[in-house]
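Here is the file structure_27.txt (compact mmCIF, C-alpha atoms and all ligand atoms).
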# COMPACT_ATOMS: atom_id res chain seq x y z
CA MET F 1 17.97 6.58 12.30
CA THR F 2 14.57 6.44 14.04
CA VAL F 3 13.51 9.54 15.95
CA ALA F 4 10.48 10.26 18.14
CA ALA F 5 9.49 13.71 16.91
CA LEU F 6 10.96 16.16 14.47
CA ASP F 7 9.99 19.59 13.17
CA VAL F 8 9.47 19.17 9.43
CA SER F 9 7.48 22.39 8.96
CA THR F 10 10.47 24.14 7.37
CA PHE F 11 11.26 21.33 4.92
CA ALA F 12 10.96 22.40 1.29
CA PHE F 13 9.28 19.28 -0.12
CA THR F 14 6.50 16.99 1.11
CA GLU F 15 4.85 14.04 -0.60
CA ALA F 16 1.97 11.82 0.54
CA ALA F 17 2.34 8.03 0.36
CA PRO F 18 -1.29 6.79 0.35
CA ALA F 19 -2.20 3.28 1.48
CA LYS F 20 -2.95 0.81 -1.33
CA VAL F 21 -6.16 -1.21 -0.95
CA ASN F 22 -6.93 -4.29 -3.07
CA LEU F 23 -10.75 -4.13 -3.44
CA TYR F 24 -10.61 -7.60 -4.99
CA LEU F 25 -7.60 -9.81 -5.59
CA HIS F 26 -7.74 -12.92 -7.76
CA VAL F 27 -4.77 -15.24 -8.02
CA THR F 28 -5.17 -16.22 -11.68
CA GLY F 29 -2.09 -18.40 -12.26
CA ARG F 30 1.55 -18.92 -11.52
CA ARG F 31 4.72 -17.99 -13.40
CA ALA F 32 7.56 -20.43 -14.03
CA ASP F 33 9.61 -18.67 -11.32
CA GLY F 34 6.91 -19.37 -8.70
CA TYR F 35 5.46 -15.84 -8.52
CA HIS F 36 1.66 -15.77 -8.65
CA LEU F 37 -0.24 -13.91 -11.35
CA LEU F 38 -2.85 -11.52 -10.03
CA ASP F 39 -5.90 -9.58 -11.15
CA SER F 40 -6.75 -6.80 -8.70
CA LEU F 41 -8.70 -3.57 -8.50
CA VAL F 42 -6.50 -1.21 -6.50
CA VAL F 43 -7.64 2.03 -4.86
CA PHE F 44 -5.84 4.46 -2.56
CA ALA F 45 -7.09 5.60 0.83
CA GLY F 46 -6.71 9.00 2.47
CA ALA F 47 -4.56 7.21 5.09
CA GLY F 48 -0.85 7.19 4.38
CA ASP F 49 2.75 7.82 5.32
CA VAL F 50 4.27 11.23 4.61
CA LEU F 51 7.73 11.91 3.21
CA HIS F 52 9.56 15.23 3.72
CA TYR F 53 12.79 16.41 2.10
CA GLN F 54 15.16 19.28 2.71
CA PRO F 55 17.95 19.46 0.11
CA GLY F 56 21.40 20.06 1.60
CA PRO F 57 25.14 19.53 1.19
CA THR F 58 25.36 16.36 3.34
CA PRO F 59 24.98 12.88 1.77
CA LEU F 60 21.32 11.89 1.58
CA GLN F 61 20.11 10.60 4.97
CA LEU F 62 16.78 9.20 6.17
CA GLU F 63 15.17 9.74 9.56
CA ILE F 64 11.98 7.90 10.52
CA THR F 65 9.29 9.13 12.86
CA GLY F 66 5.64 8.23 13.49
CA ARG F 67 3.64 5.51 15.27
CA PHE F 68 5.09 2.65 13.20
CA GLY F 69 8.66 3.94 12.77
CA ARG F 70 9.92 1.49 15.35
CA ALA F 71 8.17 -1.43 13.64
CA LEU F 72 10.70 -1.30 10.81
CA ASP F 73 13.47 -3.75 11.57
CA SER F 74 16.99 -2.31 11.80
CA SER F 75 17.88 -3.21 8.19
CA ALA F 76 14.71 -1.66 6.80
CA ALA F 77 15.32 1.47 8.88
CA GLY F 78 18.76 1.88 7.30
CA ALA F 79 20.18 1.60 3.80
CA ASP F 80 17.64 -1.13 2.95
CA ASN F 81 14.72 1.23 3.49
CA LEU F 82 12.69 1.39 0.32
CA VAL F 83 12.88 5.21 0.40
CA LEU F 84 16.67 5.14 0.15
CA LYS F 85 16.55 2.32 -2.41
CA ALA F 86 14.21 4.48 -4.51
CA ALA F 87 16.55 7.47 -4.16
CA ARG F 88 19.53 5.37 -5.31
CA ALA F 89 17.54 3.97 -8.23
CA LEU F 90 16.59 7.50 -9.32
CA GLN F 91 20.22 8.62 -8.99
CA GLU F 92 21.21 5.73 -11.28
CA LEU F 93 18.60 6.83 -13.80
CA CYS F 94 20.08 10.35 -13.71
CA GLY F 95 23.64 9.06 -14.21
CA THR F 96 26.18 11.79 -13.54
CA GLN F 97 23.74 14.66 -13.98
CA ALA F 98 24.49 17.51 -11.57
CA HIS F 99 20.98 17.98 -10.21
CA VAL F 100 21.20 14.99 -7.85
CA GLN F 101 21.56 16.36 -4.34
CA GLY F 102 22.01 15.28 -0.75
CA GLY F 103 20.09 16.44 2.28
CA ARG F 104 17.58 15.12 4.80
CA LEU F 105 14.59 12.88 4.17
CA VAL F 106 12.10 12.34 6.97
CA LEU F 107 9.53 9.55 6.73
CA GLU F 108 6.46 9.80 8.95
CA LYS F 109 5.56 6.11 9.23
CA LYS F 110 1.83 6.18 9.96
CA LEU F 111 0.88 2.90 8.25
CA PRO F 112 1.39 -0.50 9.89
CA VAL F 113 4.29 -2.45 8.41
CA ALA F 114 3.89 -5.73 6.45
CA SER F 115 0.13 -5.33 6.57
CA GLY F 116 -1.24 -5.71 3.02
CA ILE F 117 -1.66 -2.00 2.32
CA GLY F 118 1.73 -1.54 0.70
CA GLY F 119 3.23 1.06 3.03
CA GLY F 120 6.79 0.33 1.94
CA SER F 121 5.79 0.38 -1.73
CA ALA F 122 3.91 3.66 -1.23
CA ASP F 123 7.00 5.14 0.47
CA ALA F 124 9.24 4.09 -2.42
CA ALA F 125 6.80 5.54 -4.95
CA ALA F 126 6.50 8.79 -2.95
CA ALA F 127 10.31 9.06 -2.89
CA LEU F 128 10.43 8.70 -6.69
CA ARG F 129 7.76 11.40 -7.19
CA LEU F 130 9.27 13.75 -4.61
CA LEU F 131 12.92 13.48 -5.68
CA ASP F 132 12.01 13.65 -9.37
CA ARG F 133 10.43 17.01 -8.52
CA ALA F 134 13.04 18.25 -6.02
CA TRP F 135 16.00 17.36 -8.25
CA ASN F 136 14.19 18.61 -11.35
CA VAL F 137 14.90 15.28 -13.08
CA GLN F 138 11.74 15.45 -15.17
CA ALA F 139 11.93 11.71 -15.90
CA SER F 140 9.23 10.42 -18.22
CA ARG F 141 6.36 8.49 -16.66
CA ALA F 142 7.55 5.39 -18.56
CA ASP F 143 11.07 5.71 -17.08
CA LEU F 144 9.72 6.22 -13.55
CA LEU F 145 7.47 3.17 -13.94
CA LYS F 146 10.47 1.10 -15.09
CA VAL F 147 12.47 2.21 -12.04
CA ALA F 148 9.44 1.51 -9.81
CA GLU F 149 9.23 -2.07 -11.12
CA THR F 150 12.78 -2.76 -9.92
CA LEU F 151 11.80 -1.74 -6.36
CA GLY F 152 8.81 -4.05 -5.82
CA ALA F 153 5.68 -5.46 -7.45
CA ASP F 154 3.36 -2.88 -5.87
CA VAL F 155 5.59 0.16 -6.47
CA PRO F 156 4.36 0.91 -10.04
CA VAL F 157 0.70 1.06 -8.98
CA CYS F 158 1.68 3.17 -5.97
CA LEU F 159 3.54 5.53 -8.29
CA LEU F 160 0.19 6.22 -10.01
CA SER F 161 -1.73 6.33 -6.70
CA GLN F 162 -5.07 6.30 -8.47
CA THR F 163 -7.78 3.68 -9.04
CA THR F 164 -6.13 1.11 -11.31
CA ARG F 165 -6.54 -2.47 -12.44
CA MET F 166 -3.31 -4.35 -11.69
CA GLU F 167 -2.36 -7.59 -13.42
CA GLY F 168 0.67 -9.79 -13.99
CA ILE F 169 2.56 -9.48 -10.71
CA GLY F 170 1.97 -5.73 -10.71
CA GLU F 171 3.61 -4.57 -13.94
CA ASN F 172 0.48 -4.62 -16.08
CA LEU F 173 -1.58 -1.52 -15.19
CA THR F 174 -4.76 -0.29 -16.85
CA PRO F 175 -7.05 2.56 -15.80
CA ALA F 176 -10.18 1.41 -13.96
CA PRO F 177 -13.53 3.20 -13.85
CA HIS F 178 -13.76 5.94 -11.22
CA LEU F 179 -15.48 4.93 -8.00
CA PRO F 180 -18.44 7.04 -6.82
CA GLU F 181 -17.80 8.93 -3.58
CA CYS F 182 -17.66 6.52 -0.67
CA GLY F 183 -16.06 6.02 2.73
CA MET F 184 -13.56 3.45 3.89
CA VAL F 185 -12.50 2.01 7.22
CA LEU F 186 -9.11 0.31 7.57
CA VAL F 187 -8.36 -1.96 10.54
CA ASN F 188 -5.18 -3.79 11.47
CA CYS F 189 -5.00 -6.03 14.53
CA GLY F 190 -1.26 -5.47 15.02
CA GLN F 191 0.05 -8.81 13.80
CA ALA F 192 2.49 -8.57 10.87
CA VAL F 193 1.72 -11.18 8.20
CA SER F 194 4.33 -12.81 5.97
CA THR F 195 3.34 -12.43 2.30
CA PRO F 196 5.31 -15.53 1.14
CA GLU F 197 3.65 -17.67 3.80
CA VAL F 198 0.16 -16.57 2.78
CA PHE F 199 0.89 -17.32 -0.90
CA ARG F 200 2.36 -20.71 0.11
CA ARG F 201 -0.80 -21.66 2.01
CA ARG F 202 -3.21 -20.71 -0.78
CA GLU F 203 -5.14 -23.77 -1.99
CA GLY F 204 -7.70 -24.51 -4.70
CA ASP F 205 -8.18 -23.49 -8.30
CA PHE F 206 -6.95 -20.25 -9.76
CA LEU F 207 -9.71 -17.67 -10.23
CA PRO F 208 -10.57 -16.14 -13.61
CA ARG F 209 -9.92 -12.49 -14.48
CA ALA F 210 -12.85 -10.35 -13.43
CA THR F 211 -15.10 -8.85 -16.10
CA MET F 212 -14.76 -5.16 -15.34
CA PRO F 213 -17.62 -2.86 -16.41
CA ASP F 214 -16.91 0.41 -18.26
CA GLY F 215 -18.25 2.46 -15.37
CA TRP F 216 -20.33 2.45 -12.18
CA SER F 217 -23.58 4.36 -11.82
CA SER F 218 -23.71 4.07 -8.02
CA LEU F 219 -21.90 2.65 -5.00
CA ALA F 220 -24.48 -0.15 -4.94
CA ASP F 221 -23.23 -1.11 -8.45
CA VAL F 222 -19.66 -1.29 -7.22
CA VAL F 223 -20.65 -3.42 -4.24
CA THR F 224 -22.69 -5.81 -6.42
CA PHE F 225 -19.62 -6.21 -8.65
CA LEU F 226 -17.22 -6.69 -5.72
CA LYS F 227 -19.50 -9.29 -4.12
CA GLN F 228 -18.98 -11.42 -7.22
CA GLN F 229 -15.20 -11.18 -6.75
CA GLY F 230 -13.05 -12.01 -3.73
CA ASN F 231 -9.59 -12.04 -2.26
CA SER F 232 -7.88 -15.39 -2.98
CA LEU F 233 -5.52 -14.70 -0.06
CA GLU F 234 -8.20 -14.08 2.61
CA GLU F 235 -8.61 -17.74 3.60
CA PRO F 236 -4.90 -18.53 3.94
CA ALA F 237 -4.35 -15.24 5.78
CA CYS F 238 -7.05 -16.24 8.32
CA VAL F 239 -5.06 -19.43 8.96
CA VAL F 240 -1.76 -17.56 9.39
CA CYS F 241 -3.41 -14.77 11.41
CA PRO F 242 -6.75 -15.89 12.99
CA PRO F 243 -7.65 -12.38 14.28
CA VAL F 244 -8.35 -11.41 10.63
CA GLY F 245 -11.66 -13.31 10.86
CA HIS F 246 -12.71 -11.33 13.98
CA VAL F 247 -11.65 -8.04 12.41
CA LEU F 248 -13.74 -8.77 9.31
CA ALA F 249 -16.78 -9.66 11.44
CA ASP F 250 -16.39 -6.49 13.53
CA ILE F 251 -16.15 -4.26 10.46
CA ALA F 252 -19.10 -5.99 8.75
CA GLY F 253 -21.17 -5.50 11.93
CA GLN F 254 -20.81 -1.70 11.85
CA ASP F 255 -23.86 0.39 10.97
CA GLY F 256 -23.67 1.38 7.31
CA CYS F 257 -20.95 -1.08 6.25
CA VAL F 258 -21.80 -2.36 2.76
CA LEU F 259 -18.79 -4.66 2.28
CA ALA F 260 -15.90 -5.92 4.44
CA ARG F 261 -12.81 -7.58 2.95
CA MET F 262 -9.10 -8.09 3.49
CA SER F 263 -6.51 -6.13 1.45
CA GLY F 264 -3.51 -7.80 -0.24
CA SER F 265 -1.99 -10.63 1.76
CA GLY F 266 -3.33 -9.14 5.00
CA ALA F 267 -3.75 -8.58 7.77
CA THR F 268 -5.34 -5.14 7.20
CA CYS F 269 -9.08 -5.35 6.42
CA PHE F 270 -11.31 -2.66 4.97
CA GLY F 271 -14.98 -1.77 5.11
CA ILE F 272 -16.83 0.30 2.53
CA PHE F 273 -19.39 2.91 3.63
CA ALA F 274 -21.62 5.38 1.79
CA THR F 275 -19.66 8.45 2.91
CA PRO F 276 -16.28 9.32 4.48
CA GLN F 277 -18.22 10.67 7.48
CA ALA F 278 -20.02 7.35 8.05
CA ALA F 279 -16.64 5.60 7.79
CA ARG F 280 -15.08 7.96 10.36
CA GLN F 281 -17.95 7.30 12.79
CA ALA F 282 -17.52 3.53 12.40
CA ALA F 283 -13.75 3.93 12.88
CA ASP F 284 -14.34 5.83 16.14
CA ARG F 285 -16.56 3.02 17.44
CA LEU F 286 -14.05 0.32 16.43
CA GLU F 287 -11.19 2.25 18.04
CA ASP F 288 -13.15 2.65 21.30
CA ALA F 289 -13.88 -1.09 21.35
CA HIS F 290 -10.32 -2.13 20.39
CA PRO F 291 -7.79 0.47 21.57
CA ALA F 292 -4.84 -1.77 20.60
CA TRP F 293 -5.88 -1.98 16.94
CA TRP F 294 -4.83 0.49 14.26
CA VAL F 295 -8.05 1.97 12.91
CA TRP F 296 -8.56 4.64 10.26
CA GLY F 297 -11.73 6.02 8.65
CA GLY F 298 -12.21 8.52 5.82
CA GLY F 299 -12.38 8.82 2.04
CA LEU F 300 -10.40 7.61 -0.95
CA VAL F 301 -7.74 9.57 -2.84
C1 LIG O 1 -0.06 -9.39 -2.32
C2 LIG O 1 0.22 -7.98 -2.76
C3 LIG O 1 -0.95 -7.49 -3.66
O1 LIG O 1 -0.91 -6.10 -3.90
O2 LIG O 1 0.29 -7.00 -1.74
P1 LIG O 1 0.81 -6.96 -0.19
O3 LIG O 1 0.10 -7.99 0.60
O4 LIG O 1 2.29 -7.17 -0.20
O5 LIG O 1 0.46 -5.57 0.26
C4 LIG O 1 1.51 -7.91 -3.60
O6 LIG O 1 1.34 -8.60 -4.82
C5 LIG O 1 2.75 -8.45 -2.95
O7 LIG O 1 3.82 -8.25 -3.82
P2 LIG O 1 5.29 -7.96 -3.26
O8 LIG O 1 5.29 -6.67 -2.52
O9 LIG O 1 6.25 -8.16 -4.38
O10 LIG O 1 5.46 -9.08 -2.23
P3 LIG O 1 6.77 -9.51 -1.49
O11 LIG O 1 6.54 -9.32 -0.04
O12 LIG O 1 8.00 -8.88 -2.09
O13 LIG O 1 6.77 -11.05 -1.90
C6 LIG O 1 7.27 -12.00 -1.06
C7 LIG O 1 7.04 -13.37 -1.66
O14 LIG O 1 5.62 -13.61 -1.84
C8 LIG O 1 5.40 -14.45 -2.95
N1 LIG O 1 4.64 -13.74 -3.99
C9 LIG O 1 4.52 -12.40 -3.98
C10 LIG O 1 3.80 -11.76 -4.97
C11 LIG O 1 3.23 -12.55 -6.00
N2 LIG O 1 2.52 -11.98 -6.99
N3 LIG O 1 3.37 -13.89 -5.99
C12 LIG O 1 4.08 -14.50 -5.01
O15 LIG O 1 4.18 -15.73 -5.01
C13 LIG O 1 6.80 -14.83 -3.47
O16 LIG O 1 7.19 -16.00 -2.79
C14 LIG O 1 7.65 -13.65 -3.01
O17 LIG O 1 9.00 -13.97 -2.91
N1 LIG O 2 9.68 2.42 4.16
C1 LIG O 2 9.29 1.18 4.47
N2 LIG O 2 8.09 0.98 5.03
C2 LIG O 2 7.65 -0.28 5.30
N3 LIG O 2 8.36 -1.38 5.08
C3 LIG O 2 9.56 -1.24 4.52
C4 LIG O 2 10.08 0.04 4.21
N4 LIG O 2 11.27 -0.14 3.69
C5 LIG O 2 11.50 -1.45 3.67
N5 LIG O 2 10.48 -2.13 4.18
C6 LIG O 2 10.36 -3.61 4.30
O1 LIG O 2 9.31 -4.04 3.41
C7 LIG O 2 8.53 -5.06 4.00
C8 LIG O 2 7.08 -4.97 3.49
O2 LIG O 2 6.48 -3.85 4.07
P1 LIG O 2 5.08 -3.22 3.63
O3 LIG O 2 5.21 -2.51 2.34
O4 LIG O 2 4.60 -2.42 4.80
O5 LIG O 2 4.19 -4.53 3.44
P2 LIG O 2 2.74 -4.71 2.82
O6 LIG O 2 2.84 -4.47 1.35
O7 LIG O 2 2.35 -6.13 3.14
O8 LIG O 2 1.85 -3.72 3.52
C9 LIG O 2 8.64 -4.85 5.51
O9 LIG O 2 8.73 -6.09 6.16
C10 LIG O 2 9.92 -4.04 5.70
O10 LIG O 2 10.96 -4.83 6.27

Encoding of this model in structure tokens:
Amino acid sequence: MTVAALDVSTFAFTEAAPAKVNLYLHVTGRRADGYHLLDSLVVFAGAGDVLHYQPGPTPLQLEITGRFGRALDSSAAGADNLVLKAARALQELCGTQAHVQGGRLVLEKKLPVASGIGGGSADAAAALRLLDRAWNVQASRADLLKVAETLGADVPVCLLSQTTRMEGIGENLTPAPHLPECGMVLVNCGQAVSTPEVFRRREGDFLPRATMPDGWSSLADVVTFLKQQGNSLEEPACVVCPPVGHVLADIAGQDGCVLARMSGSGATCFGIFATPQAARQAADRLEDAHPAWWVWGGGLV
């Protein structure tokens, strides 16, 4: 069910589902089953969906609100929604244990759909964290990560929702050095991009794994490092979705932008700024110039 507005202030449980941003993304190889191997530094932005839950006697149901609620196709707004898939997967993990409950879930869909910032994966991960808490499952982190893997390649990293190096197709996670305080702008032109198509159109050699330092002494350090890396999917995404090139140029042209790149398979692009405040100011300017775009500015999680 998709609803326009709903009062969730009385709901007992709330969980944030922060947007995933791939600061760099190298396609390093390909598995026998066709999936591409990745090396990516993943961070989480203050932007995100929000999931609410009120336990109750009715079977578990999901309502969707928010700017991008309607962008979910009818199957993804129903039983195929990653939130409900996550709930079912957690129920399976619990087996017949009595603490599994019904009730109402409400998803505030604030992130654009199919946009390279993993909104669906973040929602699934938020559902696992929230229901683990609400149902007092107390699953181990290892068990939750195993369940997350069955829901999608980006769900394990979204379960952690902290700066992480992601390899394999998303199952191989290692802690990455903390980033110094900085600001980020996210911009999406409104065109959904097909991940399989972008991977299909990728050409050229695989890139090596990045050599990650043990730490960063300043934002300038981070930017110097990121400038030596790239996003292997940026070029093919620009072919599939030409506005990505304009979005990148517009972000890079903002006062104070130190790096502009695309996240994931696109089409959302990000800009890095010295402070969340500088990012918010740039976001305001971009929003004024392009009212049809989705624009967000702020800090990282
Ligand atoms: C590219 C990334 C980087 O974080 O992010 P998004 O752009 O989705 O945000 C992810 O690896 C997206 O992984 P995932 O969420 O599994 O992508 P899906 O949309 O399910 O994948 C659709 C299709 O893309 C291709 N695909 C996907 C991931 C991968 N590592 N190699 C692939 O070749 C496969 O053909 C797959 O069937
Ligand atoms: N809660 C959800 N939010 C977004 N997409 C969902 C959700 N549940 C299922 N989906 C499906 O997952 C697909 C990928 O969505 P999304 O995670 O937003 O992509 P991306 O990782 O590229 O940002 C969508 O096309 C949609 O049909």

Q) Could you state the separation of CA of Pro243 (chain F) and CA of Pro208 (chain F) in Å, given to one decimal place? A)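 Those two atoms sit 28.3 Å apart.
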
Q | Using only C-alpha atoms: which of F:Leu259, F:Val113, F:Ala12, F:Cys158 has the shortest distance to Trp135 (chain F) | A | F:Ala12

Q: May I ask which of the residues F:Leu25, F:Ala267, F:Leu179, F:Met262 is the closest one to Ser217 (chain F), counting only C-alpha atoms?
A: F:Leu179

Q: Would you list the contacts of Gly256 (chain F) as a ChimeraX atom specification, taking every protein, DNA or RNA residue within 9 Å and counting all atoms listed in the file, but skipping same-chain residues closer than 3 positions in sequence?
A: /F:252-253,272-274,278-279,282

List all protein, DNA and RNA residues that have at least one atom no more than 7 Å from any atom of ligand LIG 2 (chain O), counting only C-alpha atoms and all ligand atoms, and write them as a PDB file with C-alpha atoms, keeping the file's coordinate frame.
ATOM      1  CA  LEU F  72      10.700  -1.300  10.810  1.00  0.00           C
ATOM      2  CA  ASP F  73      13.470  -3.750  11.570  1.00  0.00           C
ATOM      3  CA  ALA F  76      14.710  -1.660   6.800  1.00  0.00           C
ATOM      4  CA  ALA F  77      15.320   1.470   8.880  1.00  0.00           C
ATOM      5  CA  ASP F  80      17.640  -1.130   2.950  1.00  0.00           C
ATOM      6  CA  ASN F  81      14.720   1.230   3.490  1.00  0.00           C
ATOM      7  CA  LEU F  82      12.690   1.390   0.320  1.00  0.00           C
ATOM      8  CA  VAL F  83      12.880   5.210   0.400  1.00  0.00           C
ATOM      9  CA  PRO F 112       1.390  -0.500   9.890  1.00  0.00           C
ATOM     10  CA  VAL F 113       4.290  -2.450   8.410  1.00  0.00           C
ATOM     11  CA  ALA F 114       3.890  -5.730   6.450  1.00  0.00           C
ATOM     12  CA  SER F 115       0.130  -5.330   6.570  1.00  0.00           C
ATOM     13  CA  GLY F 116      -1.240  -5.710   3.020  1.00  0.00           C
ATOM     14  CA  ILE F 117      -1.660  -2.000   2.320  1.00  0.00           C
ATOM     15  CA  GLY F 118       1.730  -1.540   0.700  1.00  0.00           C
ATOM     16  CA  GLY F 119       3.230   1.060   3.030  1.00  0.00           C
ATOM     17  CA  GLY F 120       6.790   0.330   1.940  1.00  0.00           C
ATOM     18  CA  SER F 121       5.790   0.380  -1.730  1.00  0.00           C
ATOM     19  CA  ASP F 123       7.000   5.140   0.470  1.00  0.00           C
ATOM     20  CA  ALA F 124       9.240   4.090  -2.420  1.00  0.00           C
ATOM     21  CA  THR F 195       3.340 -12.430   2.300  1.00  0.00           C
ATOM     22  CA  GLY F 264      -3.510  -7.800  -0.240  1.00  0.00           C
ATOM     23  CA  SER F 265      -1.990 -10.630   1.760  1.00  0.00           C
ATOM     24  CA  GLY F 266      -3.330  -9.140   5.000  1.00  0.00           C
TER      25      GLY F 266
END

Q. Near Arg261 (chain F), within 12 Å and counting all atoms listed in the file, which residues show up once chain neighbours fewer than 6 positions away are dropped, as an MDAnalysis selection string?
A. chainID F and resid 21:25 116 184:187 223 226:227 229:235 237:238 244:252 267:272
